[in-house]
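> My structure is stored as model-v1.txt, with compact mmCIF, C-alpha atoms.
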# COMPACT_ATOMS: atom_id res chain seq x y z
CA MET A 17 -15.50 11.27 22.41
CA THR A 18 -16.99 13.96 20.27
CA ASP A 19 -15.11 17.20 19.78
CA ALA A 20 -14.66 19.99 17.24
CA ARG A 21 -12.67 17.72 14.96
CA ASP A 22 -15.53 15.22 14.91
CA THR A 23 -18.39 17.62 14.31
CA GLY A 24 -16.97 20.94 13.09
CA LEU A 25 -16.41 22.22 9.58
CA THR A 26 -12.66 22.86 9.86
CA LEU A 27 -10.35 20.58 7.93
CA ASP A 28 -7.94 19.28 10.58
CA PRO A 29 -6.59 15.88 9.53
CA LYS A 30 -5.33 13.71 12.36
CA TYR A 31 -2.07 12.43 10.93
CA ASP A 32 -0.50 9.43 12.64
CA ALA A 33 3.05 9.20 13.97
CA ALA A 34 4.29 8.75 10.38
CA GLY A 35 2.33 11.81 9.22
CA LEU A 36 -0.26 9.75 7.36
CA ILE A 37 -4.00 9.30 7.06
CA THR A 38 -5.77 6.41 5.36
CA ALA A 39 -7.29 6.94 1.90
CA VAL A 40 -10.07 4.71 0.60
CA VAL A 41 -10.86 4.91 -3.12
CA THR A 42 -14.21 3.87 -4.53
CA ASP A 43 -15.46 3.83 -8.10
CA ALA A 44 -17.93 6.72 -8.18
CA ALA A 45 -20.08 4.88 -10.70
CA THR A 46 -20.24 1.39 -9.16
CA GLY A 47 -19.48 1.96 -5.48
CA ALA A 48 -16.79 -0.73 -5.53
CA VAL A 49 -13.83 -0.19 -3.25
CA LEU A 50 -10.86 0.01 -5.61
CA MET A 51 -7.91 0.42 -3.26
CA VAL A 52 -6.68 1.62 0.11
CA ALA A 53 -3.57 3.76 0.37
CA HIS A 54 -2.11 6.52 2.50
CA MET A 55 -1.71 10.28 2.25
CA ASN A 56 0.45 12.80 4.01
CA ALA A 57 -0.40 16.50 3.97
CA ASP A 58 1.42 17.04 0.66
CA ALA A 59 -0.43 14.14 -0.99
CA LEU A 60 -3.79 15.47 0.17
CA ALA A 61 -2.94 18.95 -1.08
CA ALA A 62 -1.72 17.59 -4.42
CA THR A 63 -4.88 15.51 -4.82
CA ARG A 64 -7.08 18.54 -4.21
CA GLU A 65 -5.09 20.73 -6.60
CA ARG A 66 -4.72 18.19 -9.38
CA GLY A 67 -8.11 16.50 -9.22
CA GLU A 68 -6.36 13.13 -9.48
CA ALA A 69 -5.38 10.85 -6.63
CA VAL A 70 -1.89 11.39 -5.23
CA PHE A 71 -0.79 9.16 -2.37
CA TRP A 72 2.27 8.75 -0.19
CA SER A 73 4.15 5.58 -1.01
CA ARG A 74 5.35 4.09 2.25
CA SER A 75 7.65 1.66 0.44
CA ARG A 76 9.27 4.33 -1.72
CA GLN A 77 8.87 7.17 0.80
CA ALA A 78 7.78 9.50 -1.96
CA LEU A 79 4.67 11.11 -3.40
CA TRP A 80 2.89 8.69 -5.72
CA HIS A 81 0.70 10.11 -8.46
CA LYS A 82 -1.36 6.99 -9.14
CA GLY A 83 -1.28 6.15 -12.85
CA GLU A 84 1.61 8.47 -13.65
CA THR A 85 3.36 5.71 -15.57
CA SER A 86 0.47 3.32 -16.37
CA GLY A 87 -1.99 6.02 -17.33
CA HIS A 88 -4.48 4.48 -14.90
CA VAL A 89 -5.14 7.67 -13.03
CA LEU A 90 -8.00 8.10 -10.59
CA LYS A 91 -9.98 11.22 -11.42
CA VAL A 92 -11.39 12.54 -8.17
CA ARG A 93 -15.04 13.53 -8.14
CA ASP A 94 -15.46 14.03 -4.41
CA ILE A 95 -13.38 13.79 -1.22
CA ARG A 96 -14.95 13.06 2.14
CA ILE A 97 -13.35 12.83 5.56
CA ASP A 98 -14.42 10.75 8.50
CA CYS A 99 -15.47 11.87 11.95
CA ASP A 100 -12.07 11.79 13.61
CA GLN A 101 -10.37 13.00 10.43
CA ASP A 102 -7.85 10.19 10.14
CA ALA A 103 -9.30 8.75 6.92
CA VAL A 104 -10.52 10.16 3.62
CA TRP A 105 -12.83 8.62 1.05
CA LEU A 106 -12.12 9.49 -2.58
CA LEU A 107 -14.98 8.94 -5.04
CA CYS A 108 -13.20 8.48 -8.34
CA ASP A 109 -13.53 7.73 -12.02
CA PRO A 110 -10.75 5.20 -12.72
CA ALA A 111 -9.00 5.43 -16.09
CA GLY A 112 -8.06 1.75 -15.91
CA PRO A 113 -7.46 -1.10 -13.49
CA ALA A 114 -6.65 0.18 -10.01
CA CYS A 115 -4.65 -2.90 -9.04
CA HIS A 116 -1.06 -3.64 -10.06
CA THR A 117 -2.23 -7.21 -10.82
CA GLY A 118 -4.46 -5.86 -13.57
CA ALA A 119 -7.68 -6.39 -11.65
CA PRO A 120 -10.15 -3.50 -11.69
CA SER A 121 -10.04 -3.45 -7.87
CA CYS A 122 -7.30 -4.48 -5.46
CA PHE A 123 -10.07 -6.28 -3.54
CA TYR A 124 -10.53 -8.98 -6.13
CA ARG A 125 -10.57 -11.89 -3.67
CA ARG A 126 -13.21 -12.89 -1.14
CA ILE A 127 -12.29 -14.43 2.21
CA GLY A 128 -14.17 -17.72 2.03
CA ALA A 129 -14.49 -20.51 4.54
CA ASP A 130 -11.42 -22.31 3.20
CA GLY A 131 -9.23 -19.50 1.93
CA LEU A 132 -9.51 -16.87 -0.76
CA GLU A 133 -11.80 -17.00 -3.79
CA PRO A 134 -11.58 -14.75 -6.83
CA VAL A 135 -14.58 -12.46 -7.10
CA ALA A 136 -16.29 -12.72 -10.44
CA MET B 20 6.03 -6.40 -6.78
CA THR B 21 3.71 -9.30 -7.31
CA ASP B 22 4.11 -12.42 -5.22
CA ALA B 23 2.05 -15.30 -3.81
CA ARG B 24 0.41 -13.01 -1.29
CA ASP B 25 -0.75 -10.71 -4.10
CA THR B 26 -2.09 -13.34 -6.46
CA GLY B 27 -2.54 -16.61 -4.56
CA LEU B 28 -5.57 -18.00 -2.79
CA THR B 29 -4.04 -18.39 0.66
CA LEU B 30 -5.23 -16.04 3.38
CA ASP B 31 -2.04 -14.45 4.70
CA PRO B 32 -2.82 -11.01 6.16
CA LYS B 33 0.11 -8.63 6.28
CA TYR B 34 -0.24 -7.21 9.78
CA ASP B 35 1.68 -4.03 10.53
CA ALA B 36 4.08 -3.50 13.42
CA ALA B 37 1.10 -3.13 15.76
CA GLY B 38 -0.43 -6.36 14.46
CA LEU B 39 -3.18 -4.58 12.53
CA ILE B 40 -4.73 -4.39 9.09
CA THR B 41 -7.12 -1.72 7.85
CA ALA B 42 -10.83 -2.53 7.61
CA VAL B 43 -13.14 -0.56 5.32
CA VAL B 44 -16.87 -1.00 5.82
CA THR B 45 -19.38 -0.24 3.10
CA ASP B 46 -23.15 -0.48 3.10
CA ALA B 47 -23.84 -3.52 0.95
CA ALA B 48 -27.05 -1.96 -0.32
CA THR B 49 -25.90 1.57 -1.16
CA GLY B 50 -22.13 1.23 -1.63
CA ALA B 51 -21.49 4.10 0.78
CA VAL B 52 -18.33 3.87 2.83
CA LEU B 53 -19.56 3.77 6.43
CA MET B 54 -16.35 3.67 8.43
CA VAL B 55 -12.69 2.73 8.52
CA ALA B 56 -11.27 0.83 11.47
CA HIS B 57 -8.58 -1.74 12.26
CA MET B 58 -8.43 -5.45 12.91
CA ASN B 59 -5.90 -7.74 14.47
CA ALA B 60 -5.96 -11.49 13.86
CA ASP B 61 -8.42 -12.06 16.70
CA ALA B 62 -10.79 -9.38 15.38
CA LEU B 63 -10.73 -10.87 11.89
CA ALA B 64 -11.38 -14.36 13.28
CA ALA B 65 -14.22 -13.07 15.47
CA THR B 66 -15.77 -11.24 12.53
CA ARG B 67 -15.71 -14.38 10.41
CA GLU B 68 -17.16 -16.53 13.19
CA ARG B 69 -19.83 -14.11 14.33
CA GLY B 70 -20.91 -12.65 11.01
CA GLU B 71 -20.81 -9.19 12.58
CA ALA B 72 -17.96 -6.71 12.44
CA VAL B 73 -15.46 -6.94 15.28
CA PHE B 74 -12.56 -4.51 15.24
CA TRP B 75 -9.53 -3.79 17.38
CA SER B 76 -9.90 -0.54 19.28
CA ARG B 77 -6.54 1.18 19.24
CA SER B 78 -7.66 3.67 21.90
CA ARG B 79 -8.96 1.01 24.27
CA GLN B 80 -6.52 -1.71 23.19
CA ALA B 81 -9.32 -4.25 23.21
CA LEU B 82 -11.59 -6.12 20.83
CA TRP B 83 -14.52 -3.96 19.82
CA HIS B 84 -17.73 -5.64 18.74
CA LYS B 85 -19.26 -2.73 16.88
CA GLY B 86 -22.79 -2.04 18.15
CA GLU B 87 -22.43 -4.20 21.25
CA THR B 88 -23.85 -1.42 23.41
CA SER B 89 -25.72 0.71 20.83
CA GLY B 90 -27.26 -2.18 18.96
CA HIS B 91 -25.89 -0.70 15.74
CA VAL B 92 -24.13 -3.85 14.65
CA LEU B 93 -22.75 -4.33 11.17
CA LYS B 94 -23.97 -7.61 9.73
CA VAL B 95 -21.28 -8.87 7.37
CA ARG B 96 -22.39 -10.11 3.97
CA ASP B 97 -18.99 -10.46 2.37
CA ILE B 98 -15.32 -9.93 3.24
CA ARG B 99 -12.72 -9.15 0.61
CA ILE B 100 -9.00 -8.64 0.97
CA ASP B 101 -6.72 -6.50 -1.13
CA CYS B 102 -3.74 -7.52 -3.22
CA ASP B 103 -1.07 -7.13 -0.56
CA GLN B 104 -3.43 -8.37 2.15
CA ASP B 105 -3.04 -5.41 4.47
CA ALA B 106 -6.65 -4.22 4.12
CA VAL B 107 -10.07 -5.87 4.16
CA TRP B 108 -13.35 -4.62 2.76
CA LEU B 109 -16.48 -5.62 4.67
CA LEU B 110 -19.77 -5.38 2.78
CA CYS B 111 -22.32 -4.97 5.54
CA ASP B 112 -25.95 -4.40 6.41
CA PRO B 113 -25.85 -1.74 9.15
CA ALA B 114 -28.45 -2.02 11.93
CA GLY B 115 -28.22 1.72 12.58
CA PRO B 116 -25.93 4.72 12.19
CA ALA B 117 -22.30 3.66 11.85
CA CYS B 118 -20.94 6.93 13.26
CA HIS B 119 -20.80 7.85 16.94
CA THR B 120 -22.12 11.29 15.93
CA GLY B 121 -25.36 9.65 14.82
CA ALA B 122 -24.65 10.08 11.12
CA PRO B 123 -25.29 7.02 8.94
CA SER B 124 -21.66 7.17 7.76
CA CYS B 125 -18.55 8.48 9.50
CA PHE B 126 -17.78 10.17 6.15
CA TYR B 127 -20.57 12.71 6.47
CA ARG B 128 -18.46 15.74 5.45
CA ARG B 129 -17.02 16.69 2.09
CA ILE B 130 -13.68 18.45 1.77
CA GLY B 131 -14.68 21.59 -0.10
CA ALA B 132 -12.63 24.48 -1.39
CA ASP B 133 -13.00 26.40 1.88
CA GLY B 134 -13.28 23.67 4.48
CA LEU B 135 -15.72 20.90 5.26
CA GLU B 136 -19.32 20.74 4.09
CA PRO B 137 -21.97 18.38 5.42
CA VAL B 138 -23.06 15.87 2.80
CA ALA B 139 -26.81 15.83 2.32
Let me see the structure of the file written as structure tokens.

Amino acid sequence: MTDARDTGLTLDPKYDAAGLITAVVTDAATGAVLMVAHMNADALAATRERGEAVFWSRSRQALWHKGETSGHVLKVRDIRIDCDQDAVWLLCDPAGPACHTGAPSCFYRRIGADGLEPVA
Amino acid sequence: MTDARDTGLTLDPKYDAAGLITAVVTDAATGAVLMVAHMNADALAATRERGEAVFWSRSRQALWHKGETSGHVLKVRDIRIDCDQDAVWLLCDPAGPACHTGAPSCFYRRIGADGLEPVA
């Protein structure tokens, strides 16, 4: 199906039943996927206003300004939205590791034939 | 919270209530995010076996071998999983446009100050 949401130039996010869209963060310099999180309308608005990534924490049920305590904010260089407007892609400059484990990216393990393998 | 799922080397996807995890596809050559979709356990297994992206279509409630009809398959070069194992990142070689609109990437529009703008 292709409709106005898919091809038009009106921002019309398709929030799910919980009021959320998916947010994918990449490192604008390297192209690495750093993390995947979620945004509600307030988080998207806050991200656009602030120029730093603000998500919706599903576990805490609260806005989550990434790096607010750690200092590892994600400075947003560009925001793109996908065809059916249920996902956004944030191209960011990370101020530190994106992952709570201390890894630069949350995707620090490969799915190998026999389990997970750390990515060099 | 950091536990075995976050730091260990055992594949243990954290499927949501619908049995799904998020799948982010990037172009292995350019780093562009091509699309975001979902996988259940069968889709992840099929992707690993086939070496081409297989998702779960939430609209059709069926396995979806991307490109099966269009020929625009996504050849998988690497699969990574994030810290809490509720999202995978597929690094792919796309055989054609990833988006049903014909755009190379589903993320072909930028969120600008006054709405959406096509990305060159």
> Once you count only C-alpha atoms, which residues of chain B turn out to be within 7 Å of chain A? Could you give them as a short mmCIF file (atom, residue, chain, number, x, y, z; two decimals) with C-alpha atoms, in the frame of the given file?

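Produced file selection.cif, reproduced below:
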data_model
loop_
_atom_site.label_atom_id
_atom_site.label_comp_id
_atom_site.auth_asym_id
_atom_site.auth_seq_id
_atom_site.Cartn_x
_atom_site.Cartn_y
_atom_site.Cartn_z
CA LEU B 28 -5.57 -18.00 -2.79
CA THR B 29 -4.04 -18.39 0.66
CA LEU B 30 -5.23 -16.04 3.38
CA GLY B 50 -22.13 1.23 -1.63
CA ALA B 51 -21.49 4.10 0.78
CA ILE B 98 -15.32 -9.93 3.24
CA ARG B 99 -12.72 -9.15 0.61
CA ILE B 100 -9.00 -8.64 0.97
CA ASP B 101 -6.72 -6.50 -1.13
CA CYS B 102 -3.74 -7.52 -3.22
CA CYS B 125 -18.55 8.48 9.50
CA PHE B 126 -17.78 10.17 6.15
CA TYR B 127 -20.57 12.71 6.47
CA ARG B 128 -18.46 15.74 5.45
CA ARG B 129 -17.02 16.69 2.09
CA ILE B 130 -13.68 18.45 1.77
CA GLY B 134 -13.28 23.67 4.48
CA LEU B 135 -15.72 20.90 5.26
CA GLU B 136 -19.32 20.74 4.09
#
> At what distance in Å, to one decimal, does atom CA of B:Glu87 lie from atom CA of A:Ile37?
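So the two atoms, atom CA of A:Ile37 and atom CA of B:Glu87, lie 26.9 Å apart.
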> Can you pull out the residues contacting B:Gln80? Cut-off 12 Å, using all atoms listed in the file, and skip same-chain residues under 5 positions away; I want them as a PyMOL selection string.
chain B and resi 37-39+57-59+62+74-75
> Calculate how many Å separate atom CA of B:Val92 from atom CA of B:Ala114, rounding to one decimal.
5.4 Å
> What separation in Å, quoted to one decimal, exists between atom CA of A:Arg76 and atom CA of B:Ala60?
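Atom-to-atom, atom CA of A:Arg76 to atom CA of B:Ala60, that is 26.9 Å.
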> With 9 Å as the threshold, what does the neighbourhood of (-4.5, 14.6, -6.3) contain in terms of residues, counting all atoms listed in the file? Coordinates are those of the file; answer as a compact mmCIF listing (two decimals) with C-alpha atoms, in the frame of the given file.

# COMPACT_ATOMS: atom_id res chain seq x y z
CA ALA A 59 -0.43 14.14 -0.99
CA LEU A 60 -3.79 15.47 0.17
CA ALA A 61 -2.94 18.95 -1.08
CA ALA A 62 -1.72 17.59 -4.42
CA THR A 63 -4.88 15.51 -4.82
CA ARG A 64 -7.08 18.54 -4.21
CA GLU A 65 -5.09 20.73 -6.60
CA ARG A 66 -4.72 18.19 -9.38
CA GLY A 67 -8.11 16.50 -9.22
CA GLU A 68 -6.36 13.13 -9.48
CA ALA A 69 -5.38 10.85 -6.63
CA VAL A 70 -1.89 11.39 -5.23
CA PHE A 71 -0.79 9.16 -2.37
CA HIS A 81 0.70 10.11 -8.46
CA LYS A 82 -1.36 6.99 -9.14
CA LEU A 90 -8.00 8.10 -10.59
CA LYS A 91 -9.98 11.22 -11.42
CA VAL A 92 -11.39 12.54 -8.17
> Which is closest to A:Asp58 among A:Tyr31, A:Leu79, A:Arg74, A:Gly118, if we use only C-alpha atoms?
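Closest candidate: A:Leu79.
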